[in-house]
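**Q** Just start-v1.cif, nothing more (mmCIF, C-alpha atoms and all ligand atoms):
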data_query
loop_
_atom_site.label_atom_id
_atom_site.label_comp_id
_atom_site.auth_asym_id
_atom_site.auth_seq_id
_atom_site.Cartn_x
_atom_site.Cartn_y
_atom_site.Cartn_z
CA MET A 68 -18.53 29.18 10.69
CA PHE A 69 -16.69 25.95 11.31
CA ALA A 70 -13.15 26.50 12.52
CA ILE A 71 -10.17 24.45 11.57
CA ASN A 72 -7.82 24.86 14.45
CA LYS A 73 -5.62 21.80 14.26
CA TYR A 74 -3.94 19.66 11.68
CA TYR A 75 -2.66 16.22 12.38
CA TYR A 76 -0.21 13.75 10.98
CA GLY A 77 2.56 16.34 10.91
CA ASP A 78 0.58 18.65 8.69
CA ILE A 79 0.83 21.80 10.72
CA PRO A 80 0.73 24.70 8.28
CA ASP A 81 2.63 27.89 9.02
CA GLY A 82 0.23 30.45 10.33
CA GLY A 83 -2.27 27.73 11.18
CA GLY A 84 -5.66 27.11 9.64
CA ASN A 85 -8.35 29.66 10.30
CA THR A 86 -7.76 29.39 14.01
CA SER A 87 -9.08 32.82 14.90
CA ASN A 88 -12.72 31.88 15.35
CA ALA A 89 -12.12 28.70 17.27
CA GLN A 90 -13.54 29.14 20.73
CA PHE A 91 -12.01 26.13 22.35
CA SER A 92 -8.58 25.44 21.01
CA ALA A 93 -6.57 22.39 21.92
CA GLU A 94 -4.39 24.46 24.24
CA ASN A 95 -5.66 23.01 27.49
CA GLU A 96 -5.97 19.48 26.22
CA TRP A 97 -3.57 16.70 26.96
CA PRO A 98 -1.40 16.15 23.91
CA LEU A 99 -2.56 13.83 21.14
CA TRP A 100 -0.72 10.56 20.56
CA GLU A 101 -0.76 8.17 17.64
CA VAL A 102 -1.02 4.53 18.66
CA PHE A 103 0.67 1.61 16.90
CA ILE A 104 0.01 -1.96 17.89
CA ARG A 105 1.79 -5.22 17.16
CA HIS A 106 -1.00 -7.73 16.81
CA LYS A 107 1.25 -10.72 17.48
CA GLN A 108 4.92 -11.61 17.54
CA GLY A 109 6.36 -11.55 14.05
CA LEU A 110 4.11 -8.78 12.70
CA ASP A 111 4.81 -5.07 12.24
CA HIS A 112 3.30 -2.48 14.52
CA LYS A 113 0.30 -1.00 12.76
CA HIS A 114 -1.36 2.37 13.24
CA VAL A 115 -4.71 1.89 14.97
CA GLY A 116 -5.78 5.39 15.95
CA SER A 117 -5.02 8.13 18.40
CA LEU A 118 -5.81 9.30 21.90
CA HIS A 119 -5.06 12.05 24.38
CA ALA A 120 -2.74 11.53 27.33
CA ALA A 121 -0.63 13.71 29.59
CA ASP A 122 2.54 11.72 28.98
CA ALA A 123 3.89 8.63 27.24
CA ASN A 124 3.18 6.28 30.12
CA MET A 125 -0.42 7.34 30.32
CA ALA A 126 -0.69 7.11 26.55
CA ILE A 127 0.47 3.48 26.63
CA GLU A 128 -1.90 2.60 29.45
CA ASN A 129 -4.82 4.32 27.76
CA ALA A 130 -3.92 2.63 24.48
CA ARG A 131 -4.11 -0.72 26.26
CA ASP A 132 -7.61 0.09 27.53
CA VAL A 133 -8.89 1.66 24.34
CA TYR A 134 -7.30 -0.52 21.66
CA THR A 135 -6.54 -3.94 23.19
CA ARG A 136 -9.58 -4.93 25.22
CA ARG A 137 -9.81 -8.19 23.29
CA MET A 138 -6.20 -9.27 23.10
CA GLU A 139 -5.59 -7.28 19.94
CA GLY A 140 -1.98 -6.62 20.80
CA VAL A 141 1.23 -7.83 22.38
CA SER A 142 3.16 -4.57 22.03
CA ILE A 143 2.22 -0.90 21.88
CA TRP A 144 4.07 2.10 20.47
CA VAL A 145 2.88 5.64 21.02
CA VAL A 146 4.28 8.77 19.47
CA GLU A 147 3.10 12.31 19.97
CA SER A 148 1.16 13.27 16.86
CA LYS A 149 3.03 16.54 16.44
CA ASN A 150 6.23 14.55 15.89
CA ILE A 151 4.91 12.77 12.83
CA HIS A 152 5.96 14.24 9.51
CA ALA A 153 3.96 13.36 6.46
CA SER A 154 4.27 13.57 2.71
CA GLN A 155 1.75 15.89 1.12
CA PRO A 156 -1.10 14.46 -0.94
CA GLU A 157 -0.99 17.35 -3.44
CA ASP A 158 2.56 16.34 -4.32
CA ALA A 159 1.67 12.68 -4.73
CA GLY A 160 1.75 12.85 -8.54
CA SER A 161 5.32 14.02 -8.94
CA PHE A 162 6.51 12.49 -5.68
CA TYR A 163 5.75 8.91 -6.71
CA ASP A 164 6.36 9.50 -10.39
CA PRO A 165 9.88 7.95 -10.47
CA ALA A 166 8.39 4.52 -9.74
CA GLN A 167 5.65 4.71 -12.30
CA ASP A 168 7.42 3.78 -15.55
CA LYS A 169 9.71 1.12 -14.11
CA ILE A 170 7.63 -1.93 -14.73
CA TYR A 171 10.82 -3.99 -15.06
CA ARG A 172 11.02 -3.87 -11.26
CA HIS A 173 8.17 -6.34 -11.10
CA PRO A 174 8.68 -10.08 -11.60
CA THR A 175 5.75 -10.28 -14.01
CA PHE A 176 7.70 -8.14 -16.53
CA TYR A 177 9.80 -11.16 -17.46
CA ASP A 178 8.45 -13.77 -19.87
CA LEU A 179 9.95 -17.14 -19.11
CA PRO A 180 9.23 -20.55 -20.65
CA ASP A 181 6.70 -22.61 -18.73
CA GLU A 182 9.32 -25.28 -18.10
CA VAL A 183 11.08 -22.99 -15.64
CA LYS A 184 9.59 -23.94 -12.31
CA HIS A 185 9.95 -22.31 -8.91
CA MET A 186 11.22 -18.93 -10.06
CA MET N 5 -11.74 25.50 -6.53
CA MET N 6 -14.11 24.03 -9.13
CA GLN N 7 -11.36 21.70 -10.24
CA HIS N 8 -10.72 20.57 -6.67
CA GLU N 9 -14.39 19.91 -6.22
CA GLN N 10 -14.63 17.80 -9.37
CA LEU N 11 -11.55 15.82 -8.48
CA PHE N 12 -12.96 15.24 -5.01
CA GLN N 13 -16.30 14.01 -6.33
CA SER N 14 -14.64 11.77 -8.90
CA LYS N 15 -12.59 10.15 -6.14
CA ILE N 16 -15.79 9.52 -4.20
CA ASP N 17 -17.48 8.10 -7.29
CA GLN N 18 -14.56 5.73 -7.80
CA GLU N 19 -14.74 4.58 -4.18
CA VAL N 20 -11.38 6.13 -3.31
CA LYS N 21 -11.39 7.00 0.40
CA ILE N 22 -10.78 10.57 1.49
CA GLU N 23 -7.96 10.94 4.01
CA PRO N 24 -7.29 13.77 6.49
CA LEU N 25 -4.74 15.69 4.41
CA ASP N 26 -6.73 15.50 1.17
CA TRP N 27 -8.57 18.50 -0.16
CA MET N 28 -12.28 18.39 0.69
CA PRO N 29 -15.14 20.86 0.40
CA ASP N 30 -15.77 22.83 3.58
CA ALA N 31 -19.31 21.53 3.67
CA TYR N 32 -18.09 17.92 3.57
CA ARG N 33 -15.74 18.61 6.46
CA LYS N 34 -18.43 20.41 8.40
CA ASN N 35 -21.00 17.72 7.76
CA LEU N 36 -18.60 15.02 8.93
CA VAL N 37 -17.61 16.90 12.07
CA ARG N 38 -21.30 17.27 12.89
CA GLN N 39 -22.10 13.63 12.24
CA ILE N 40 -19.01 12.02 13.79
CA SER N 41 -19.07 14.17 16.92
CA GLN N 42 -22.77 13.51 17.33
CA HIS N 43 -22.04 9.83 16.97
CA ALA N 44 -19.23 10.07 19.56
CA HIS N 45 -21.49 11.93 21.99
CA SER N 46 -24.11 9.20 21.57
CA GLU N 47 -21.62 6.52 22.59
CA ILE N 48 -20.61 8.51 25.65
CA VAL N 49 -24.08 9.60 26.77
CA GLY N 50 -25.23 6.08 25.92
CA MET N 51 -23.23 4.78 28.86
CA LEU N 52 -25.54 6.53 31.31
CA PRO N 53 -28.80 4.56 30.97
CA GLU N 54 -26.93 1.27 31.23
CA GLY N 55 -24.52 2.50 33.89
CA ASN N 56 -27.66 2.97 35.95
CA TRP N 57 -27.96 -0.82 36.33
CA ILE N 58 -24.36 -1.92 36.86
CA THR N 59 -24.65 -1.97 40.63
CA ARG N 60 -28.02 -3.71 40.46
CA ALA N 61 -27.28 -6.45 37.95
CA PRO N 62 -28.92 -9.70 39.08
CA SER N 63 -25.71 -11.76 39.07
CA LEU N 64 -21.97 -11.35 38.95
CA LYS N 65 -21.96 -12.72 35.41
CA ARG N 66 -24.49 -10.14 34.21
CA LYS N 67 -22.61 -7.41 36.02
CA ALA N 68 -19.32 -8.32 34.35
CA ILE N 69 -21.04 -8.41 30.95
CA LEU N 70 -22.71 -5.05 31.48
CA LEU N 71 -19.46 -3.48 32.67
CA ALA N 72 -17.65 -4.79 29.60
CA LYS N 73 -20.35 -3.45 27.32
CA VAL N 74 -20.37 -0.01 28.90
CA GLN N 75 -16.58 0.08 28.72
CA ASP N 76 -16.80 -0.75 25.01
CA GLU N 77 -19.14 2.20 24.51
CA ALA N 78 -16.57 4.49 26.12
CA GLY N 79 -14.00 3.10 23.69
CA HIS N 80 -16.37 3.74 20.76
CA GLY N 81 -16.73 7.33 21.86
CA LEU N 82 -12.96 7.70 21.92
CA TYR N 83 -12.42 6.15 18.47
CA LEU N 84 -14.98 8.56 17.09
CA TYR N 85 -13.69 11.67 18.83
CA SER N 86 -10.24 11.03 17.39
CA ALA N 87 -11.72 10.44 13.93
CA ALA N 88 -13.47 13.82 14.18
CA GLU N 89 -10.25 15.46 15.37
CA THR N 90 -8.50 14.48 12.13
CA LEU N 91 -10.88 16.97 10.49
CA GLY N 92 -9.41 19.82 12.49
CA THR N 93 -11.79 20.27 15.37
CA SER N 94 -10.55 19.96 18.95
CA ARG N 95 -11.81 17.53 21.58
CA ASP N 96 -12.57 20.38 23.95
CA GLN N 97 -14.60 22.15 21.28
CA MET N 98 -16.73 19.06 20.69
CA ILE N 99 -17.32 18.56 24.38
CA GLU N 100 -18.20 22.21 24.80
CA ASP N 101 -20.70 21.89 21.95
CA LEU N 102 -22.31 18.90 23.64
CA HIS N 103 -22.60 20.72 26.94
CA SER N 104 -23.97 23.89 25.40
CA GLY N 105 -26.61 21.91 23.53
CA LYS N 106 -25.25 22.93 20.14
CA ALA N 107 -24.30 19.34 19.33
CA LYS N 108 -26.86 16.57 19.59
CA TYR N 109 -26.64 12.93 20.56
CA SER N 110 -29.00 10.10 19.77
CA SER N 111 -32.39 10.77 21.35
CA ILE N 112 -32.75 7.15 22.41
CA PHE N 113 -30.58 7.83 25.44
CA ASN N 114 -33.09 10.33 26.75
CA TYR N 115 -35.38 7.50 27.77
CA PRO N 116 -35.14 6.04 31.28
CA THR N 117 -34.08 2.49 32.16
CA LEU N 118 -36.80 1.37 34.56
CA THR N 119 -36.19 -2.35 35.03
CA TRP N 120 -33.44 -4.90 34.56
CA ALA N 121 -35.14 -6.09 31.37
CA ASP N 122 -34.30 -2.73 29.84
CA MET N 123 -30.65 -3.86 29.69
CA GLY N 124 -31.68 -6.74 27.47
CA ALA N 125 -33.99 -4.60 25.35
CA ILE N 126 -31.30 -1.97 24.86
CA GLY N 127 -28.71 -4.53 23.76
CA TRP N 128 -31.10 -6.22 21.38
CA LEU N 129 -33.02 -3.23 19.99
CA VAL N 130 -30.88 -0.14 20.52
CA ASP N 131 -27.53 -1.72 19.74
CA GLY N 132 -29.28 -3.71 17.03
CA ALA N 133 -30.49 -0.51 15.37
CA ALA N 134 -27.11 1.14 15.84
CA ILE N 135 -25.36 -1.83 14.22
CA LEU N 136 -27.32 -1.51 10.97
CA ASN N 137 -26.27 2.10 10.74
CA GLN N 138 -22.69 1.31 11.68
CA VAL N 139 -22.30 -1.57 9.26
CA MET N 140 -23.28 0.84 6.51
CA LEU N 141 -20.78 3.39 7.83
CA CYS N 142 -17.89 0.89 7.60
CA ARG N 143 -17.96 1.86 3.91
CA THR N 144 -18.30 5.59 4.43
CA SER N 145 -16.10 7.76 2.23
CA TYR N 146 -13.95 9.34 4.95
CA GLY N 147 -11.09 6.98 5.84
CA PRO N 148 -10.70 7.60 9.59
CA TYR N 149 -14.47 7.37 10.14
CA ALA N 150 -14.69 4.13 8.18
CA ARG N 151 -11.81 2.60 10.11
CA ALA N 152 -13.33 3.59 13.46
CA MET N 153 -16.57 1.96 12.33
CA VAL N 154 -14.89 -1.31 11.40
CA ARG N 155 -13.40 -1.50 14.87
CA ILE N 156 -16.73 -0.62 16.48
CA CYS N 157 -18.70 -3.17 14.45
CA LYS N 158 -16.38 -5.95 15.58
CA GLU N 159 -17.31 -5.13 19.16
CA GLU N 160 -21.02 -4.42 18.69
CA SER N 161 -22.07 -7.91 17.84
CA PHE N 162 -21.49 -9.03 21.44
CA HIS N 163 -23.66 -6.15 22.62
CA GLN N 164 -26.68 -7.25 20.68
CA ARG N 165 -26.22 -10.93 21.41
CA GLN N 166 -25.89 -10.47 25.17
CA GLY N 167 -29.06 -8.35 25.12
CA PHE N 168 -31.08 -10.91 23.23
CA GLU N 169 -29.78 -13.74 25.39
CA SER N 170 -30.64 -11.86 28.54
CA LEU N 171 -34.22 -11.38 27.29
CA LEU N 172 -34.36 -15.02 26.27
CA VAL N 173 -33.65 -16.03 29.86
CA LEU N 174 -36.40 -13.71 31.12
CA SER N 175 -38.82 -15.00 28.50
CA LYS N 176 -38.41 -18.50 29.92
CA GLY N 177 -38.69 -17.35 33.52
CA THR N 178 -41.54 -16.70 35.90
CA GLU N 179 -44.73 -14.90 34.92
CA THR N 180 -43.36 -11.67 36.40
CA GLN N 181 -40.13 -12.00 34.47
CA LYS N 182 -42.05 -12.58 31.25
CA GLN N 183 -44.12 -9.49 31.89
CA MET N 184 -41.01 -7.48 32.62
CA CYS N 185 -39.51 -8.66 29.33
CA GLN N 186 -42.62 -7.71 27.33
CA ASP N 187 -42.89 -4.36 29.08
CA ALA N 188 -39.29 -3.46 28.21
CA ILE N 189 -39.86 -4.39 24.58
CA ASN N 190 -43.03 -2.30 24.53
CA ARG N 191 -41.24 0.77 25.84
CA TRP N 192 -38.09 0.50 23.67
CA TRP N 193 -39.65 -0.48 20.35
CA TRP N 194 -40.86 2.88 19.08
CA PRO N 195 -37.88 4.92 20.32
CA SER N 196 -35.63 2.36 18.57
CA LEU N 197 -37.43 2.98 15.28
CA MET N 198 -36.90 6.69 15.77
CA MET N 199 -33.14 6.11 15.96
CA PHE N 200 -33.03 5.98 12.17
CA GLY N 201 -34.09 9.60 12.02
CA PRO N 202 -36.89 11.39 10.17
CA LYS N 203 -38.52 9.93 7.09
CA ASP N 204 -36.46 10.36 3.94
CA ALA N 205 -38.87 13.03 2.72
CA ASP N 206 -38.22 15.14 5.84
CA SER N 207 -34.51 14.52 6.26
CA THR N 208 -32.34 17.60 5.73
CA HIS N 209 -28.86 16.11 5.39
CA SER N 210 -29.66 12.97 3.46
CA ASP N 211 -29.24 13.87 -0.23
CA GLN N 212 -25.84 15.45 0.06
CA SER N 213 -24.64 12.72 2.43
CA MET N 214 -25.58 10.08 -0.12
CA LYS N 215 -23.85 11.94 -2.92
CA TRP N 216 -20.69 12.17 -0.84
CA LYS N 217 -21.15 8.54 0.21
CA ILE N 218 -21.01 9.46 3.85
CA LYS N 219 -24.24 7.50 4.06
CA ARG N 220 -25.09 4.72 1.66
CA LYS N 221 -28.60 3.83 2.72
CA SER N 222 -31.50 6.11 3.51
CA ASN N 223 -33.18 6.39 6.91
CA ASP N 224 -36.27 4.59 5.65
CA GLU N 225 -34.28 1.76 4.08
CA LEU N 226 -32.36 1.11 7.29
CA ARG N 227 -35.52 1.33 9.37
CA GLN N 228 -37.27 -1.23 7.19
CA GLN N 229 -34.27 -3.53 7.39
CA PHE N 230 -34.37 -3.28 11.18
CA ILE N 231 -38.10 -3.97 11.41
CA ASP N 232 -37.82 -7.03 9.17
CA MET N 233 -34.97 -8.36 11.29
CA ILE N 234 -36.61 -7.77 14.68
CA ALA N 235 -40.07 -8.95 13.63
CA GLY N 236 -38.51 -12.35 13.01
CA GLN N 237 -36.43 -12.46 16.18
CA VAL N 238 -39.21 -11.42 18.54
CA LYS N 239 -41.01 -14.68 17.75
CA LEU N 240 -38.10 -16.63 19.21
CA LEU N 241 -38.67 -14.78 22.47
CA GLY N 242 -42.35 -15.61 22.41
CA MET N 243 -43.00 -11.89 22.81
CA THR N 244 -44.75 -9.34 20.59
CA LEU N 245 -43.95 -5.89 19.22
CA PRO N 246 -46.38 -3.15 20.28
CA ASP N 247 -47.65 -2.33 16.80
CA PRO N 248 -51.08 -3.61 15.71
CA ASP N 249 -50.26 -2.66 12.11
CA LEU N 250 -47.14 -4.80 11.93
CA LYS N 251 -47.86 -7.32 9.19
CA TRP N 252 -45.85 -9.22 6.57
CA ASN N 253 -46.51 -7.80 3.12
CA GLU N 254 -46.06 -10.57 0.60
CA GLU N 255 -45.94 -8.14 -2.32
CA ARG N 256 -43.24 -5.90 -0.88
CA LYS N 257 -41.44 -8.80 0.81
CA HIS N 258 -41.20 -6.57 3.86
CA TYR N 259 -43.15 -5.96 7.04
CA ASP N 260 -45.65 -3.12 6.97
CA PHE N 261 -45.73 -1.10 10.15
CA GLY N 262 -47.68 1.62 11.91
CA GLU N 263 -47.00 5.34 11.97
CA ILE N 264 -44.24 6.59 14.23
CA ASP N 265 -45.18 9.33 16.68
CA TRP N 266 -43.17 12.12 15.05
CA GLU N 267 -44.39 14.66 17.53
CA GLU N 268 -42.68 12.69 20.28
CA PHE N 269 -39.58 12.33 18.10
CA TRP N 270 -39.19 16.09 17.60
CA ALA N 271 -40.02 16.85 21.23
CA VAL N 272 -37.18 14.61 22.42
CA VAL N 273 -34.77 15.99 19.80
CA LYS N 274 -35.60 19.48 20.97
CA GLY N 275 -34.72 18.64 24.55
CA ASN N 276 -38.07 17.69 26.04
CA GLY N 277 -37.64 13.95 26.43
CA PRO N 278 -37.95 12.26 29.79
CA CYS N 279 -34.20 12.40 30.63
CA ASN N 280 -32.60 15.12 28.45
CA LYS N 281 -31.77 17.39 31.35
CA GLU N 282 -30.57 14.60 33.61
CA ARG N 283 -28.23 13.17 30.94
CA LEU N 284 -26.64 16.47 30.09
CA ALA N 285 -26.27 17.36 33.75
CA ALA N 286 -24.51 14.04 34.39
CA ARG N 287 -22.08 14.67 31.53
CA LYS N 288 -21.31 18.20 32.67
CA LYS N 289 -20.78 17.08 36.23
CA ALA N 290 -18.36 14.36 35.12
CA TRP N 291 -16.47 16.91 33.05
CA ASP N 292 -16.32 19.52 35.80
CA ASP N 293 -15.42 17.02 38.51
CA GLY N 294 -12.57 15.76 36.35
CA ALA N 295 -11.10 19.21 35.72
CA TRP N 296 -8.56 19.04 38.54
CA VAL N 297 -7.38 15.61 37.37
CA ARG N 298 -6.79 16.85 33.83
CA GLU N 299 -4.95 19.87 35.12
CA ALA N 300 -2.84 18.00 37.66
CA ALA N 301 -1.78 15.31 35.20
CA LYS N 302 -0.77 17.95 32.70
CA VAL N 303 1.34 19.90 35.17
CA TYR N 304 2.91 16.69 36.46
CA ALA N 305 3.84 15.60 32.94
CA GLU N 306 5.37 18.99 32.19
CA LYS N 307 7.44 18.84 35.39
CA GLN N 308 8.62 15.32 34.63
CA SER N 309 9.72 16.21 31.13
CA LYS N 310 11.71 19.16 32.49
CA LYS N 311 13.42 16.85 34.98
CA ILE N 312 14.40 14.49 32.18
CA LEU N 313 15.82 17.36 30.15
CA LYS N 314 17.87 18.51 33.13
CA SER N 315 19.31 15.11 33.92
CA ALA N 316 20.19 14.45 30.28
FE FE M 1 -21.18 1.53 20.61
FE FE M 2 -23.00 -1.02 21.66
#
Now that the file is in, can you turn its structure into structure tokens?
Ligand SMILES: [Fe+2]
Ligand SMILES: [Fe+2]

**A**
Amino acid sequence: MFAINKYYYGDIPDGGGNTSNAQFSAENEWPLWEVFIRHKQGLDHKHVGSLHAADANMAIENARDVYTRRMEGVSIWVVESKNIHASQPEDAGSFYDPAQDKIYRHPTFYDLPDEVKHM
Amino acid sequence: MMQHEQLFQSKIDQEVKIEPLDWMPDAYRKNLVRQISQHAHSEIVGMLPEGNWITRAPSLKRKAILLAKVQDEAGHGLYLYSAAETLGTSRDQMIEDLHSGKAKYSSIFNYPTLTWADMGAIGWLVDGAAILNQVMLCRTSYGPYARAMVRICKEESFHQRQGFESLLVLSKGTETQKQMCQDAINRWWWPSLMMFGPKDADSTHSDQSMKWKIKRKSNDELRQQFIDMIAGQVKLLGMTLPDPDLKWNEERKHYDFGEIDWEEFWAVVKGNGPCNKERLAARKKAWDDGAWVREAAKVYAEKQSKKILKSA
């Protein structure tokens, strides 16, 4: 049977998944890092993927080799995956609900005469 | 459970991507781990036949190109391993499954690279076949897999173009170079067609994969697409494909082609291709030889982080 022995993006359930029948756990692996890259000055860093590295320096160097071989970045952030906390998809309904009925937050809610320009 | 399953399928039907934390059927997860890890292994093992020619490339330019291509393939393997890891499997587990023979990789890499022209034929035919599959997978239903594929596809186009261009140079060369070019095409053509897998009628994973939109085109569809594409391009090389039955069918608007040697296909899948043992041995050796590096770097990192804690 397929074994789920790790969860990422901060989703580490108490008691783990069904880790018991995993033969090769991640125990001996280098930690996993999430990689964020700024494509060019003026843009946000964007998540591009993940990789394994022993420490932050190695993670940044590996990220350069794996994710910027064609000048895709001018700046790299790495953060150990276990340090990322995530909202839960099952809660998405109620979690984002407060924004749902507030259409007056959008500019298109307001009907203005055509004569009003540049607004 | 039933409700989850329906919700899941309706997301798929509406082209909503599935992300790592979302609920998904065990079989979907399992199927993806199998497919993505197999794909990752193919990228990694795929470095071996080409790596074989890096030191013997005919010029510095060709050597730099080949190095860059092989390095890309390593990157592709890494993108894919991390995509598979988001499903809850560990890197070490996947690598163990490759080494134990439980996980497969594309059979094409169990063929030997005998001459320099094989580098061109691999880029043009093998990467060409892989690209068709990968372009389709850019729209696969699992988010991390699709994103890895988009990144890979951006890089693959250079692989195919450098291969074709390299054959083009040979095709305009001396008589011996022309023969070498034709010989490489002859040897790589049929194995390339096998890359698309068994015929639809004999394919075990296809139906469910289509329903889950992991795949969006069948093996036979992709294979036909590939044949139509290559049958046109080979003319520009002034070479031929080694299939006497290859013929344009005006009614179907496709090329007809001869029967693939399925016995050979299954023999190579089952481990009896020309290089299966050699490839796996090379991977295991690389893994074992690297063990002390992995261990040392880990211990060093742990020591460093303790030092930082102390000095803080
Ligand atoms: Fe690749
Ligand atoms: Fe490639």

**Q** Pick out the closest residue to chain N from this set: A:Ala153, A:Ala126, A:Val141, A:Val133. Count all atoms listed in the file.

**A** A:Val133

**Q** Could you report the residues within 9 Å of ligand FE 2 (chain M), using only C-alpha atoms and all ligand atoms, as a list in words?

**A**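 The residues near ligand FE 2 (chain M) are Glu47, Gly50, Lys73, Val74, Asp76, Glu77, His80, Ile126, Gly127, Val130, Asp131, Gly132, Ala134, Ile135, Ile156, Cys157, Glu159, Glu160, Ser161, Phe162, His163 and Gln164 of chain N.
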
**Q** Step by step: start from the point (-44.2, -1.3, 7.6) in the file's coordinates, keep every protein, DNA or RNA residue that has an atom no farther than 9 Å from it, count all atoms listed in the file, and write the set as an NGL selection string.

**A** :N and (228 or 231-232 or 249-253 or 258-263)

**Q** Could you tell me how far atom CA of N:Gln10 sits from atom CA of N:Ala31, in Å to one decimal place?

**A**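 Pair atom CA of N:Ala31 / atom CA of N:Gln10 returns 14.3 Å.
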
**Q** Could you check how far atom CA of A:Ser117 sits from atom CA of A:Arg131, in Å to one decimal?

**A**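 Atom CA of A:Arg131 lies at a distance of 11.9 Å from atom CA of A:Ser117.
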
**Q** Starting from the point (-40.6, -12.1, 20.5), work out which residues of protein, DNA or RNA have an atom no more than 10 Å away when counting all atoms listed in the file; state them as a PyMOL selection string.

**A** chain N and resi 168+171-172+175+185-186+189+234-245

**Q** With a distance threshold of 7 Å and counting all atoms listed in the file, extract the residues of chain N near chain A and express them as a list in words.

**A**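 Result: Leu25, Asp26, Lys34, Gly79, Ser86, Thr90, Gly92, Thr93, Ser94, Asp96, Gln97, Ala301, Lys302 and Ala305 of chain N.
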
**Q** Output C-alpha atoms of each residue in that selection to a file, as a PDB file, keeping the file's coordinate frame.

**A**
ATOM      1  CA  LEU N  25      -4.740  15.690   4.410  1.00  0.00           C
ATOM      2  CA  ASP N  26      -6.730  15.500   1.170  1.00  0.00           C
ATOM      3  CA  LYS N  34     -18.430  20.410   8.400  1.00  0.00           C
ATOM      4  CA  GLY N  79     -14.000   3.100  23.690  1.00  0.00           C
ATOM      5  CA  SER N  86     -10.240  11.030  17.390  1.00  0.00           C
ATOM      6  CA  THR N  90      -8.500  14.480  12.130  1.00  0.00           C
ATOM      7  CA  GLY N  92      -9.410  19.820  12.490  1.00  0.00           C
ATOM      8  CA  THR N  93     -11.790  20.270  15.370  1.00  0.00           C
ATOM      9  CA  SER N  94     -10.550  19.960  18.950  1.00  0.00           C
ATOM     10  CA  ASP N  96     -12.570  20.380  23.950  1.00  0.00           C
ATOM     11  CA  GLN N  97     -14.600  22.150  21.280  1.00  0.00           C
ATOM     12  CA  ALA N 301      -1.780  15.310  35.200  1.00  0.00           C
ATOM     13  CA  LYS N 302      -0.770  17.950  32.700  1.00  0.00           C
ATOM     14  CA  ALA N 305       3.840  15.600  32.940  1.00  0.00           C
TER      15      ALA N 305
END

**Q** Using Å and a single decimal, report how far atom CA of A:Phe103 sits from atom CA of N:Val139.

**A**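 Separation between atom CA of N:Val139 and atom CA of A:Phe103: 24.4 Å.
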
**Q** Using only C-alpha atoms for the distances, tell me which of N:Asp265, N:Glu19, N:Asp30, N:Glu54 is nearest to N:Tyr115.

**A** N:Glu54

**Q** Identify which of the residues N:Arg151, N:Lys15, N:Arg256, N:His45 lies closest to ligand FE 1 (chain M), counting only C-alpha atoms and all ligand atoms when measuring atom-to-atom distances.

**A** N:His45

**Q** Which residues are near stretch 103-106 of chain N? Cut-off 8 Å, all atoms listed in the file, ignore same chain within fewer than 4 positions. Put them as a VMD selection string.

**A** chain N and resid 99 284 287 to 288

**Q** Which residue is closest to ligand FE 1 (chain M)? Choose from N:Cys279, N:Leu82, N:Met184, N:Leu91 and count only C-alpha atoms and all ligand atoms.

**A**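 For ligand FE 1 (chain M), the nearest of the given residues is N:Leu82.
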